[in-house]
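Enquirer: query_4.cif (mmCIF, C-alpha atoms and all ligand atoms) pasted underneath:
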data_coords
#
loop_
_atom_site.label_atom_id
_atom_site.label_comp_id
_atom_site.auth_asym_id
_atom_site.auth_seq_id
_atom_site.Cartn_x
_atom_site.Cartn_y
_atom_site.Cartn_z
CA MET A 1 173.91 12.24 -220.68
CA LEU A 2 171.54 9.37 -220.03
CA LYS A 3 171.65 10.18 -216.34
CA ASN A 4 170.61 13.74 -217.07
CA LEU A 5 167.79 12.56 -219.21
CA LEU A 6 166.64 10.15 -216.53
CA ASN A 7 166.76 12.88 -213.91
CA LYS A 8 164.77 15.16 -216.15
CA PHE A 9 162.19 12.42 -216.58
CA ARG A 10 162.10 11.77 -212.85
CA ASN A 11 161.60 15.45 -212.17
CA ARG A 12 158.71 15.46 -214.56
CA THR A 13 156.94 12.49 -213.07
CA SER A 14 157.51 13.23 -209.41
CA LYS A 15 156.94 16.96 -209.43
CA SER A 16 158.35 19.14 -206.75
CA TYR A 17 156.47 22.34 -206.13
CA GLN A 18 158.54 25.42 -205.36
CA GLU A 19 156.68 27.54 -202.80
CA PRO A 20 159.43 29.23 -200.78
CA ALA A 21 157.26 32.23 -199.98
CA LEU A 22 154.35 30.25 -198.53
CA MET A 23 154.06 29.45 -194.85
CA ASN A 24 154.12 25.76 -194.23
CA ALA A 25 150.51 25.59 -193.09
CA TYR A 26 149.38 22.64 -195.16
CA ALA A 27 150.56 19.12 -195.91
CA ARG A 28 149.66 19.41 -199.56
CA MET A 29 149.18 16.54 -201.95
CA PRO A 30 151.38 16.37 -205.06
CA VAL A 31 148.94 17.77 -207.58
CA SER A 32 147.93 21.21 -208.75
CA PHE A 33 144.51 21.68 -210.31
CA VAL A 34 144.12 24.25 -213.02
CA ARG A 35 140.54 23.79 -214.16
CA GLY A 36 137.22 22.47 -212.93
CA GLU A 37 133.85 21.75 -214.48
CA GLY A 38 130.96 20.05 -212.73
CA VAL A 39 132.28 17.03 -210.85
CA HIS A 40 135.62 17.04 -212.69
CA LEU A 41 138.99 18.62 -212.07
CA TRP A 42 142.04 18.74 -214.33
CA ASP A 43 145.66 19.07 -213.28
CA GLU A 44 148.39 20.94 -215.12
CA ASP A 45 149.21 17.86 -217.22
CA GLY A 46 145.64 17.61 -218.40
CA LYS A 47 144.84 14.53 -216.30
CA GLN A 48 141.16 14.39 -215.40
CA TYR A 49 139.94 13.61 -211.88
CA LEU A 50 136.52 12.76 -210.53
CA ASP A 51 136.04 15.07 -207.56
CA ALA A 52 134.34 13.36 -204.60
CA LEU A 53 135.53 16.04 -202.18
CA GLY A 54 134.25 19.31 -203.66
CA GLY A 55 136.94 21.42 -202.02
CA ILE A 56 135.81 20.00 -198.64
CA ALA A 57 132.05 20.39 -198.98
CA VAL A 58 132.26 23.74 -200.79
CA THR A 59 131.34 23.18 -204.45
CA PHE A 60 127.98 21.52 -203.89
CA LEU A 61 126.77 22.78 -207.29
CA GLY A 62 129.96 21.56 -208.97
CA HIS A 63 132.92 23.52 -210.26
CA CYS A 64 132.26 26.63 -212.32
CA HIS A 65 128.48 26.19 -212.41
CA PRO A 66 127.49 28.18 -215.53
CA LYS A 67 124.71 30.12 -213.81
CA ILE A 68 126.96 31.00 -210.87
CA SER A 69 129.80 32.01 -213.19
CA GLU A 70 127.36 34.26 -215.05
CA ILE A 71 126.17 35.88 -211.81
CA ILE A 72 129.78 36.36 -210.71
CA SER A 73 130.60 38.18 -213.95
CA LEU A 74 127.46 40.29 -213.79
CA GLN A 75 127.85 41.36 -210.17
CA ALA A 76 131.56 42.04 -210.74
CA THR A 77 130.57 44.76 -213.18
CA ARG A 78 127.82 46.12 -210.92
CA LEU A 79 129.18 46.39 -207.34
CA LEU A 80 131.62 44.31 -205.30
CA HIS A 81 131.91 46.15 -202.04
CA CYS A 82 130.59 49.22 -200.31
CA SER A 83 130.80 48.57 -196.51
CA ASN A 84 128.19 47.75 -193.93
CA LEU A 85 127.99 51.45 -193.17
CA PHE A 86 125.30 51.36 -195.86
CA HIS A 87 122.21 49.30 -196.65
CA ILE A 88 123.02 46.32 -198.86
CA GLN A 89 120.00 44.95 -200.72
CA GLU A 90 121.69 41.71 -201.72
CA GLN A 91 122.46 41.02 -198.05
CA ALA A 92 118.89 41.75 -196.93
CA LYS A 93 117.55 39.38 -199.58
CA LEU A 94 120.02 36.62 -198.71
CA GLY A 95 119.15 37.08 -195.03
CA GLU A 96 115.50 36.38 -195.77
CA GLN A 97 116.37 33.36 -197.89
CA PHE A 98 118.72 31.90 -195.30
CA CYS A 99 116.27 32.46 -192.46
CA ARG A 100 113.53 30.76 -194.44
CA ILE A 101 115.55 27.59 -195.05
CA SER A 102 117.04 27.46 -191.55
CA GLY A 103 113.98 28.48 -189.52
CA MET A 104 115.89 31.40 -188.03
CA ASP A 105 114.73 35.02 -187.64
CA LYS A 106 117.87 37.06 -188.35
CA ALA A 107 121.24 36.54 -190.01
CA PHE A 108 124.73 38.00 -189.71
CA PHE A 109 127.04 37.40 -192.69
CA THR A 110 130.75 36.65 -192.41
CA ASN A 111 133.57 35.46 -194.67
CA SER A 112 134.21 31.99 -193.32
CA GLY A 113 133.08 29.20 -191.06
CA THR A 114 135.25 30.12 -188.14
CA GLU A 115 133.99 33.71 -188.19
CA SER A 116 130.43 32.44 -188.21
CA ASN A 117 131.16 30.46 -185.06
CA GLU A 118 132.86 33.49 -183.50
CA ALA A 119 129.60 35.37 -183.98
CA ALA A 120 127.69 32.47 -182.41
CA ILE A 121 130.06 32.44 -179.42
CA LYS A 122 129.63 36.18 -178.97
CA ILE A 123 125.85 35.81 -179.15
CA ALA A 124 126.00 33.08 -176.48
CA ARG A 125 128.07 35.35 -174.25
CA LEU A 126 125.75 38.32 -174.80
CA TYR A 127 122.88 36.00 -173.93
CA GLY A 128 124.65 34.99 -170.72
CA HIS A 129 125.39 38.56 -169.72
CA SER A 130 121.78 39.52 -170.43
CA LYS A 131 120.89 37.01 -167.71
CA ASN A 132 123.61 38.38 -165.40
CA ILE A 133 125.82 35.34 -165.88
CA GLU A 134 129.28 36.85 -165.46
CA THR A 135 131.31 33.87 -166.74
CA PRO A 136 129.19 32.24 -169.43
CA THR A 137 130.13 28.66 -170.35
CA ILE A 138 129.43 26.97 -173.66
CA ILE A 139 129.29 23.17 -173.76
CA THR A 140 130.92 21.63 -176.84
CA ALA A 141 131.82 18.07 -177.81
CA HIS A 142 135.03 16.09 -177.78
CA GLY A 143 136.16 15.49 -181.34
CA SER A 144 134.36 18.57 -182.60
CA PHE A 145 135.85 21.03 -185.08
CA HIS A 146 134.62 24.61 -185.03
CA GLY A 147 137.48 26.52 -186.66
CA ARG A 148 140.94 27.99 -186.19
CA THR A 149 140.48 31.44 -184.70
CA MET A 150 141.03 31.57 -180.94
CA GLY A 151 137.34 31.52 -179.98
CA SER A 152 136.26 28.71 -182.26
CA LEU A 153 139.54 26.89 -181.58
CA SER A 154 138.75 27.04 -177.86
CA ALA A 155 135.34 25.57 -178.68
CA THR A 156 136.97 22.82 -180.75
CA GLY A 157 137.18 19.52 -178.88
CA LYS A 158 140.52 18.34 -180.22
CA GLU A 159 143.48 18.73 -177.87
CA SER A 160 145.92 18.18 -180.74
CA LEU A 161 144.73 21.40 -182.40
CA HIS A 162 145.17 23.39 -179.18
CA LYS A 163 148.80 22.35 -178.91
CA GLY A 164 151.15 25.32 -179.09
CA PHE A 165 148.31 27.84 -178.84
CA THR A 166 147.39 27.76 -175.17
CA PRO A 167 146.04 29.47 -173.21
CA MET A 168 142.67 28.73 -174.76
CA LEU A 169 139.77 31.09 -174.14
CA GLU A 170 137.89 30.45 -170.93
CA GLY A 171 134.25 29.53 -170.96
CA PHE A 172 134.17 26.22 -172.81
CA SER A 173 133.52 22.77 -171.39
CA GLN A 174 133.88 19.68 -173.53
CA VAL A 175 131.72 16.58 -173.13
CA ASP A 176 131.61 13.26 -174.97
CA TYR A 177 129.74 13.45 -178.28
CA ASN A 178 126.59 11.37 -178.63
CA ASN A 179 126.19 11.17 -174.86
CA VAL A 180 123.08 12.93 -173.57
CA ASP A 181 123.90 12.25 -169.92
CA ALA A 182 127.20 14.07 -170.26
CA VAL A 183 125.28 17.24 -171.19
CA ALA A 184 122.55 16.60 -168.61
CA ALA A 185 125.27 16.52 -165.95
CA TYR A 186 125.53 20.31 -166.34
CA ALA A 187 121.90 20.83 -165.30
CA ASP A 188 122.87 22.46 -162.00
CA ASN A 189 125.71 24.53 -163.42
CA ASP A 190 124.50 28.13 -163.42
CA SER A 191 127.22 29.37 -165.77
CA VAL A 192 126.11 27.32 -168.80
CA VAL A 193 124.51 29.44 -171.54
CA ALA A 194 124.65 27.26 -174.65
CA VAL A 195 125.40 23.90 -176.21
CA MET A 196 127.34 24.10 -179.48
CA ILE A 197 127.28 20.97 -181.57
CA GLU A 198 127.90 19.57 -185.06
CA PRO A 199 124.87 17.49 -186.11
CA ILE A 200 127.39 15.20 -187.83
CA GLN A 201 131.06 15.58 -186.91
CA GLY A 202 132.93 16.16 -190.16
CA GLU A 203 136.63 16.50 -189.37
CA SER A 204 136.43 13.67 -186.85
CA GLY A 205 135.52 11.30 -189.67
CA ILE A 206 131.78 11.68 -190.41
CA VAL A 207 130.61 10.72 -186.94
CA VAL A 208 126.82 10.38 -186.96
CA PRO A 209 125.18 10.49 -183.51
CA ASP A 210 122.36 8.12 -182.54
CA GLU A 211 118.85 9.04 -183.59
CA GLY A 212 117.26 11.13 -180.87
CA TYR A 213 120.54 12.64 -179.62
CA LEU A 214 119.92 16.12 -180.99
CA GLN A 215 116.29 16.02 -179.86
CA ALA A 216 117.43 15.17 -176.36
CA ILE A 217 119.94 18.04 -176.42
CA ARG A 218 117.16 20.35 -177.62
CA THR A 219 115.00 19.27 -174.70
CA LEU A 220 117.82 19.88 -172.20
CA CYS A 221 118.40 23.33 -173.69
CA ASP A 222 114.70 24.15 -173.34
CA GLN A 223 114.61 22.92 -169.74
CA HIS A 224 117.60 24.94 -168.65
CA GLY A 225 117.34 28.04 -170.82
CA TRP A 226 120.45 27.23 -172.86
CA LEU A 227 120.86 28.19 -176.49
CA LEU A 228 121.25 25.34 -178.95
CA ILE A 229 123.92 26.33 -181.48
CA VAL A 230 124.30 23.97 -184.43
CA ASP A 231 127.47 24.16 -186.50
CA GLU A 232 126.21 23.34 -190.00
CA ILE A 233 129.29 24.66 -191.74
CA GLN A 234 130.10 21.30 -193.34
CA SER A 235 126.75 19.50 -193.06
CA GLY A 236 124.49 22.33 -194.18
CA MET A 237 123.13 23.75 -197.43
CA GLY A 238 121.35 20.59 -198.56
CA ARG A 239 124.26 18.18 -198.41
CA THR A 240 122.73 15.59 -196.10
CA GLY A 241 119.32 15.51 -197.80
CA LYS A 242 117.80 18.28 -195.66
CA TRP A 243 118.74 21.93 -195.85
CA PHE A 244 120.48 21.42 -192.51
CA ALA A 245 121.45 18.12 -190.92
CA HIS A 246 119.77 18.84 -187.56
CA GLN A 247 116.45 19.09 -189.42
CA HIS A 248 116.52 15.29 -189.81
CA GLU A 249 115.47 15.26 -186.15
CA ASP A 250 112.68 17.81 -186.62
CA ILE A 251 114.18 20.28 -184.21
CA ILE A 252 114.76 24.01 -184.52
CA ALA A 253 118.00 25.41 -183.18
CA ASP A 254 118.47 28.83 -181.60
CA VAL A 255 121.59 29.60 -183.62
CA VAL A 256 122.68 28.06 -186.95
CA THR A 257 126.12 28.66 -188.43
CA SER A 258 126.98 27.77 -192.01
CA ALA A 259 129.59 28.59 -194.63
CA LYS A 260 131.38 26.16 -196.98
CA ALA A 261 128.73 25.45 -199.66
CA LEU A 262 126.87 28.73 -199.16
CA GLY A 263 128.91 30.50 -201.84
CA ASN A 264 129.88 27.45 -203.92
CA GLY A 265 133.48 28.71 -203.81
CA ILE A 266 133.03 32.41 -203.11
CA PRO A 267 133.98 32.95 -199.44
CA ILE A 268 130.92 33.64 -197.32
CA GLY A 269 129.61 32.43 -193.99
CA VAL A 270 126.60 33.12 -191.83
CA CYS A 271 125.46 33.03 -188.24
CA ALA A 272 121.67 33.09 -187.98
CA ALA A 273 119.61 33.16 -184.81
CA ARG A 274 116.04 32.88 -183.62
CA GLY A 275 113.90 34.47 -180.93
CA LYS A 276 115.79 36.11 -178.08
CA ALA A 277 119.14 35.12 -179.60
CA ALA A 278 118.34 37.08 -182.78
CA ASP A 279 118.24 40.48 -181.10
CA LEU A 280 121.39 40.45 -178.96
CA ILE A 281 123.81 41.97 -181.46
CA SER A 282 123.48 45.73 -181.73
CA PRO A 283 125.44 48.46 -183.54
CA GLY A 284 128.98 48.53 -182.22
CA SER A 285 128.87 45.10 -180.58
CA HIS A 286 129.93 43.13 -183.66
CA GLY A 287 130.83 43.74 -187.28
CA THR A 288 133.02 42.96 -190.27
CA THR A 289 134.44 44.86 -193.21
CA PHE A 290 134.02 42.26 -195.95
CA GLY A 291 131.21 40.16 -194.50
CA GLY A 292 127.94 40.33 -196.39
CA ASN A 293 129.27 42.38 -199.29
CA PRO A 294 127.02 42.70 -202.37
CA PHE A 295 129.17 40.33 -204.42
CA ALA A 296 129.28 37.36 -202.02
CA CYS A 297 125.62 37.80 -201.10
CA GLN A 298 124.49 37.95 -204.74
CA VAL A 299 126.33 34.68 -205.40
CA ALA A 300 124.99 32.92 -202.28
CA SER A 301 121.50 34.14 -203.04
CA ASN A 302 121.69 32.46 -206.44
CA VAL A 303 123.15 29.30 -204.90
CA ILE A 304 120.05 29.00 -202.73
CA ASP A 305 117.79 29.76 -205.71
CA ILE A 306 119.38 27.03 -207.81
CA ILE A 307 119.24 24.44 -205.02
CA GLU A 308 115.59 25.31 -204.43
CA GLN A 309 114.42 25.57 -208.02
CA GLN A 310 116.07 22.31 -209.05
CA GLY A 311 115.06 20.36 -205.94
CA LEU A 312 118.69 19.57 -205.21
CA VAL A 313 118.20 18.87 -201.50
CA GLU A 314 116.16 15.84 -202.48
CA THR A 315 118.69 14.94 -205.17
CA ALA A 316 121.42 14.97 -202.51
CA ALA A 317 119.34 12.56 -200.41
CA ASN A 318 118.78 10.20 -203.35
CA THR A 319 122.28 10.32 -204.81
CA GLY A 320 123.72 9.95 -201.31
CA THR A 321 121.62 6.87 -200.66
CA PHE A 322 122.69 5.44 -204.02
CA LEU A 323 126.39 6.15 -203.41
CA LYS A 324 126.25 4.68 -199.90
CA ARG A 325 124.60 1.54 -201.25
CA GLN A 326 127.29 1.22 -203.93
CA LEU A 327 129.99 1.60 -201.29
CA GLN A 328 128.27 -1.01 -199.13
CA GLN A 329 128.02 -3.41 -202.06
CA LYS A 330 131.66 -3.01 -203.04
CA LEU A 331 133.20 -2.64 -199.60
CA GLY A 332 130.65 -3.76 -197.01
CA THR A 333 132.36 -7.07 -196.32
CA HIS A 334 135.93 -5.98 -197.07
CA PRO A 335 138.27 -7.08 -194.26
CA LYS A 336 139.90 -3.64 -194.10
CA VAL A 337 136.58 -1.77 -193.85
CA VAL A 338 135.17 -1.19 -190.37
CA ASP A 339 132.19 1.04 -191.14
CA ILE A 340 130.44 2.90 -193.96
CA ARG A 341 128.35 5.78 -192.66
CA GLY A 342 126.93 9.23 -193.20
CA LYS A 343 123.86 10.99 -194.51
CA GLY A 344 123.20 12.16 -198.06
CA LEU A 345 126.39 13.32 -199.72
CA MET A 346 128.40 13.42 -196.48
CA LEU A 347 129.89 9.96 -196.32
CA GLY A 348 132.78 8.21 -194.62
CA VAL A 349 134.41 4.82 -195.08
CA GLU A 350 136.27 3.87 -191.91
CA LEU A 351 139.27 1.56 -192.31
CA ASP A 352 140.76 -0.80 -189.75
CA GLN A 353 143.88 1.35 -189.33
CA LYS A 354 145.67 4.46 -190.51
CA TYR A 355 147.28 4.04 -193.96
CA ASP A 356 150.04 6.39 -195.11
CA ASN A 357 149.42 8.55 -198.18
CA LEU A 358 145.91 7.22 -198.50
CA ALA A 359 144.46 10.22 -200.33
CA VAL A 360 147.42 10.27 -202.75
CA LYS A 361 146.66 6.68 -203.71
CA PHE A 362 143.17 7.83 -204.68
CA LEU A 363 144.64 10.71 -206.70
CA ASP A 364 146.77 8.24 -208.63
CA GLN A 365 143.52 6.53 -209.61
CA GLY A 366 141.95 9.85 -210.63
CA LEU A 367 139.61 10.19 -207.65
CA VAL A 368 139.70 13.12 -205.23
CA VAL A 369 138.77 12.34 -201.62
CA SER A 370 140.18 13.43 -198.28
CA VAL A 371 141.15 11.54 -195.19
CA ALA A 372 139.61 12.50 -191.84
CA GLY A 373 139.26 10.96 -188.40
CA ASP A 374 142.98 10.62 -187.62
CA GLY A 375 143.83 9.08 -190.97
CA LYS A 376 141.38 6.20 -190.84
CA VAL A 377 138.32 7.56 -192.58
CA ILE A 378 137.96 8.12 -196.33
CA ARG A 379 135.74 11.17 -196.52
CA MET A 380 133.46 11.93 -199.45
CA LEU A 381 131.66 15.24 -199.89
CA PRO A 382 130.86 15.25 -203.61
CA SER A 383 128.80 17.68 -205.60
CA VAL A 384 125.08 17.05 -206.02
CA LEU A 385 125.75 16.82 -209.77
CA LEU A 386 127.29 13.35 -209.28
CA THR A 387 125.46 10.90 -211.57
CA GLU A 388 124.66 7.29 -210.70
CA ASN A 389 127.35 6.12 -213.09
CA GLN A 390 129.88 8.41 -211.45
CA ALA A 391 128.75 7.15 -208.03
CA ARG A 392 129.43 3.61 -209.26
CA GLN A 393 132.85 4.78 -210.41
CA VAL A 394 133.58 6.31 -206.98
CA ALA A 395 132.69 3.03 -205.27
CA ALA A 396 134.66 0.90 -207.75
CA THR A 397 137.80 3.05 -207.46
CA THR A 398 137.50 3.12 -203.66
CA SER A 399 137.26 -0.64 -203.67
CA ASP A 400 140.34 -0.92 -205.90
CA VAL A 401 142.40 1.42 -203.74
CA VAL A 402 141.36 -0.23 -200.46
CA THR A 403 142.09 -3.67 -201.86
CA GLY A 404 145.55 -2.49 -202.93
CA LEU A 405 146.48 -1.20 -199.47
C1 LIG B 1 135.25 23.81 -192.03
C2 LIG B 1 134.56 23.91 -190.74
C3 LIG B 1 134.70 25.02 -189.90
C4 LIG B 1 135.65 26.16 -190.21
O1 LIG B 1 135.33 26.80 -191.39
P1 LIG B 1 136.43 27.76 -192.09
O2 LIG B 1 135.70 28.36 -193.25
O3 LIG B 1 137.57 26.90 -192.49
O4 LIG B 1 136.83 28.77 -191.08
C5 LIG B 1 133.96 25.06 -188.73
N1 LIG B 1 133.13 24.05 -188.39
C6 LIG B 1 132.97 22.96 -189.17
C7 LIG B 1 132.01 21.90 -188.76
C8 LIG B 1 133.69 22.84 -190.35
O5 LIG B 1 133.56 21.75 -191.11
#
Using structure tokens, write down the structure from this file.
Expert:
Amino acid sequence: MLKNLLNKFRNRTSKSYQEPALMNAYARMPVSFVRGEGVHLWDEDGKQYLDALGGIAVTFLGHCHPKISEIISLQATRLLHCSNLFHIQEQAKLGEQFCRISGMDKAFFTNSGTESNEAAIKIARLYGHSKNIETPTIITAHGSFHGRTMGSLSATGKESLHKGFTPMLEGFSQVDYNNVDAVAAYADNDSVVAVMIEPIQGESGIVVPDEGYLQAIRTLCDQHGWLLIVDEIQSGMGRTGKWFAHQHEDIIADVVTSAKALGNGIPIGVCAARGKAADLISPGSHGTTFGGNPFACQVASNVIDIIEQQGLVETAANTGTFLKRQLQQKLGTHPKVVDIRGKGLMLGVELDQKYDNLAVKFLDQGLVVSVAGDGKVIRMLPSVLLTENQARQVAATTSDVVTGL
């Protein structure tokens, strides 16, 4: 009797989630969120969490932003989908908005980050073929993450993610990140058509290259006629204190991909291009059924409006600086902390080693973060709604958890 009761209690406290019909694609943490508002999430027991992850850089405007929820409801009663066989006004408008903030000329809308990079890869190959380069090569970086479909996976510079999926696509060469010479070494290689780079490597643990790196890559691309493709899927949409992280170096790319925060939770991605790269896709050469539908575009259009009207790019810069300073104050001299880095609201705290169940220990304390960089980096990608008090709370909890390791 008592044993039964104890077991029942145990089952309640250490929940097991029954998901027999789901493929085992994710190592999920033992919590299930049922509601979100602003920077907070609630689990099924009503426990409140401060969300410093934002669904991995997605909910930049916070969970269930009232204006976005209103737009979602409105557009859901107007038109969700009609196909790209027809003109879509919401898409045309969003294209203009996105090109304005990214400095690009033309946009192609997708449903995800990886699809946005697929479009970029196809543009780079079209560009190569337009110059009679039969086997176009794209230079990417070791440690990079560009997505899970076969093209963007082949671009991704992490051997561990290729495992079990070879052969990879041909036409990619990986070089060390943050090493200009490694790219310059391809100067005489006639097959190179593009350099594809994350301005800050996200999945690798918020790896920020030296100042001047992206400028130097831009110069090399100009000298050799290569396209500069920046993957702003995680770092874009205002998060780092500029609309796009490469803009910190005052450069303009040839192709910009983005996704995550673009729809604040509604799936949408984009590949935008400039100059010669903007005119390579033609009817029949690329397309998508869902991509750029009226619903997703209406939402993304309003996301950009809100960020712009409320000056949230600058807020991200300020709040990010504040949060980083709090982390430095609390953890800067901690023996287990190796580095605190990042720009704006894209921050990482690197620890001296990998710790098991690190993110779960944060969950226990009511703080949502993720772990990147092979288990050593606490990654924070909070919403721009984070207040200074909440930033203090993030730093204090992080300090508590790290001290308890
Ligand atoms: C998340 C991410 C992707 C992949 O985006 P999905 O929407 O998951 O396909 C690609 N590149 C970077 C830099 C990312 O952070």
Enquirer: Distance table requested - chain A against ligand LIG 1 (chain B), cut-off 9 Å, all atoms listed in the file: one row per qualifying residue with the closest atom pair and its distance in Å to one decimal, ordered by chain and rising residue number, as CSV.
Expert:
residue,atom,partner,partner_atom,distance
A:Ile56,CA,B:LIG1,C1,7.6
A:Ala57,CA,B:LIG1,O5,8.1
A:Asn111,CA,B:LIG1,O2,7.5
A:Ser112,CA,B:LIG1,O2,3.9
A:Gly113,CA,B:LIG1,O1,3.3
A:Thr114,CA,B:LIG1,O4,3.6
A:Glu115,CA,B:LIG1,O4,6.4
A:Ser116,CA,B:LIG1,O4,7.9
A:Asn117,CA,B:LIG1,C5,7.1
A:Ser144,CA,B:LIG1,C7,7.4
A:Phe145,CA,B:LIG1,N1,5.2
A:His146,CA,B:LIG1,N1,3.7
A:Gly147,CA,B:LIG1,C4,4.0
A:Arg148,CA,B:LIG1,O4,6.4
A:Thr149,CA,B:LIG1,O4,7.8
A:Ser152,CA,B:LIG1,C5,7.8
A:Thr156,CA,B:LIG1,N1,8.6
A:Ile197,CA,B:LIG1,C7,8.7
A:Glu198,CA,B:LIG1,C7,6.0
A:Pro199,CA,B:LIG1,C7,8.8
A:Ile200,CA,B:LIG1,C7,8.2
A:Gln201,CA,B:LIG1,C7,6.7
A:Gly202,CA,B:LIG1,O5,5.7
A:Glu203,CA,B:LIG1,O5,6.3
A:Asp231,CA,B:LIG1,C7,5.6
A:Glu232,CA,B:LIG1,C7,6.1
A:Ile233,CA,B:LIG1,C6,4.8
A:Gln234,CA,B:LIG1,O5,4.1
A:Ser235,CA,B:LIG1,C7,7.2
A:Thr257,CA,B:LIG1,N1,8.4
A:Ser258,CA,B:LIG1,N1,8.0
A:Ala259,CA,B:LIG1,O2,6.3
A:Lys260,CA,B:LIG1,O2,6.1
A:Pro267,CA,B:LIG1,O2,7.9
A:Ile268,CA,B:LIG1,O2,8.2
A:Gly269,CA,B:LIG1,O2,7.4
Enquirer: Take the selection from the previous step and output its residues with C-alpha atoms, as a JSON list (two decimals), in the coordinates of the input.
Expert:
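Wrote result-v2.json, looks like this:
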[["chain", "number", "residue", "atom", "x", "y", "z"],
["A", 56, "ILE", "CA", 135.81, 20.00, -198.64],
["A", 57, "ALA", "CA", 132.05, 20.39, -198.98],
["A", 111, "ASN", "CA", 133.57, 35.46, -194.67],
["A", 112, "SER", "CA", 134.21, 31.99, -193.32],
["A", 113, "GLY", "CA", 133.08, 29.20, -191.06],
["A", 114, "THR", "CA", 135.25, 30.12, -188.14],
["A", 115, "GLU", "CA", 133.99, 33.71, -188.19],
["A", 116, "SER", "CA", 130.43, 32.44, -188.21],
["A", 117, "ASN", "CA", 131.16, 30.46, -185.06],
["A", 144, "SER", "CA", 134.36, 18.57, -182.60],
["A", 145, "PHE", "CA", 135.85, 21.03, -185.08],
["A", 146, "HIS", "CA", 134.62, 24.61, -185.03],
["A", 147, "GLY", "CA", 137.48, 26.52, -186.66],
["A", 148, "ARG", "CA", 140.94, 27.99, -186.19],
["A", 149, "THR", "CA", 140.48, 31.44, -184.70],
["A", 152, "SER", "CA", 136.26, 28.71, -182.26],
["A", 156, "THR", "CA", 136.97, 22.82, -180.75],
["A", 197, "ILE", "CA", 127.28, 20.97, -181.57],
["A", 198, "GLU", "CA", 127.90, 19.57, -185.06],
["A", 199, "PRO", "CA", 124.87, 17.49, -186.11],
["A", 200, "ILE", "CA", 127.39, 15.20, -187.83],
["A", 201, "GLN", "CA", 131.06, 15.58, -186.91],
["A", 202, "GLY", "CA", 132.93, 16.16, -190.16],
["A", 203, "GLU", "CA", 136.63, 16.50, -189.37],
["A", 231, "ASP", "CA", 127.47, 24.16, -186.50],
["A", 232, "GLU", "CA", 126.21, 23.34, -190.00],
["A", 233, "ILE", "CA", 129.29, 24.66, -191.74],
["A", 234, "GLN", "CA", 130.10, 21.30, -193.34],
["A", 235, "SER", "CA", 126.75, 19.50, -193.06],
["A", 257, "THR", "CA", 126.12, 28.66, -188.43],
["A", 258, "SER", "CA", 126.98, 27.77, -192.01],
["A", 259, "ALA", "CA", 129.59, 28.59, -194.63],
["A", 260, "LYS", "CA", 131.38, 26.16, -196.98],
["A", 267, "PRO", "CA", 133.98, 32.95, -199.44],
["A", 268, "ILE", "CA", 130.92, 33.64, -197.32],
["A", 269, "GLY", "CA", 129.61, 32.43, -193.99]]
Enquirer: Would you kindly return, as a tab-separated table (two decimals) with C-alpha atoms, in the frame of the given file, each protein, DNA or RNA residue with an atom no farther than 10 Å from any atom of stretch 123-140 of chain A, considering all atoms listed in the file and excluding same-chain residues fewer than 4 positions away?
Expert:
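This went into selection14.tsv:
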chain	number	residue	atom	x	y	z
A	117	ASN	CA	131.16	30.46	-185.06
A	118	GLU	CA	132.86	33.49	-183.50
A	119	ALA	CA	129.60	35.37	-183.98
A	144	SER	CA	134.36	18.57	-182.60
A	145	PHE	CA	135.85	21.03	-185.08
A	146	HIS	CA	134.62	24.61	-185.03
A	154	SER	CA	138.75	27.04	-177.86
A	155	ALA	CA	135.34	25.57	-178.68
A	156	THR	CA	136.97	22.82	-180.75
A	157	GLY	CA	137.18	19.52	-178.88
A	170	GLU	CA	137.89	30.45	-170.93
A	171	GLY	CA	134.25	29.53	-170.96
A	172	PHE	CA	134.17	26.22	-172.81
A	173	SER	CA	133.52	22.77	-171.39
A	174	GLN	CA	133.88	19.68	-173.53
A	175	VAL	CA	131.72	16.58	-173.13
A	176	ASP	CA	131.61	13.26	-174.97
A	177	TYR	CA	129.74	13.45	-178.28
A	182	ALA	CA	127.20	14.07	-170.26
A	183	VAL	CA	125.28	17.24	-171.19
A	186	TYR	CA	125.53	20.31	-166.34
A	189	ASN	CA	125.71	24.53	-163.42
A	190	ASP	CA	124.50	28.13	-163.42
A	191	SER	CA	127.22	29.37	-165.77
A	192	VAL	CA	126.11	27.32	-168.80
A	193	VAL	CA	124.51	29.44	-171.54
A	194	ALA	CA	124.65	27.26	-174.65
A	195	VAL	CA	125.40	23.90	-176.21
A	196	MET	CA	127.34	24.10	-179.48
A	197	ILE	CA	127.28	20.97	-181.57
A	198	GLU	CA	127.90	19.57	-185.06
A	226	TRP	CA	120.45	27.23	-172.86
A	227	LEU	CA	120.86	28.19	-176.49
A	228	LEU	CA	121.25	25.34	-178.95
A	229	ILE	CA	123.92	26.33	-181.48
A	255	VAL	CA	121.59	29.60	-183.62
A	271	CYS	CA	125.46	33.03	-188.24
A	273	ALA	CA	119.61	33.16	-184.81
A	276	LYS	CA	115.79	36.11	-178.08
A	277	ALA	CA	119.14	35.12	-179.60
A	278	ALA	CA	118.34	37.08	-182.78
A	279	ASP	CA	118.24	40.48	-181.10
A	280	LEU	CA	121.39	40.45	-178.96
A	281	ILE	CA	123.81	41.97	-181.46
A	285	SER	CA	128.87	45.10	-180.58
A	286	HIS	CA	129.93	43.13	-183.66
Enquirer: How many Å lie between atom CA of A:Val31 and atom CA of A:Val368, rounded to one decimal?
Expert: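 Distance between the two atoms: 10.6 Å.
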Enquirer: Between A:Pro66, A:Gly344, A:Pro335, A:Gly265, single out the one closest to A:Phe244, counting all atoms listed in the file.
Expert: A:Gly344
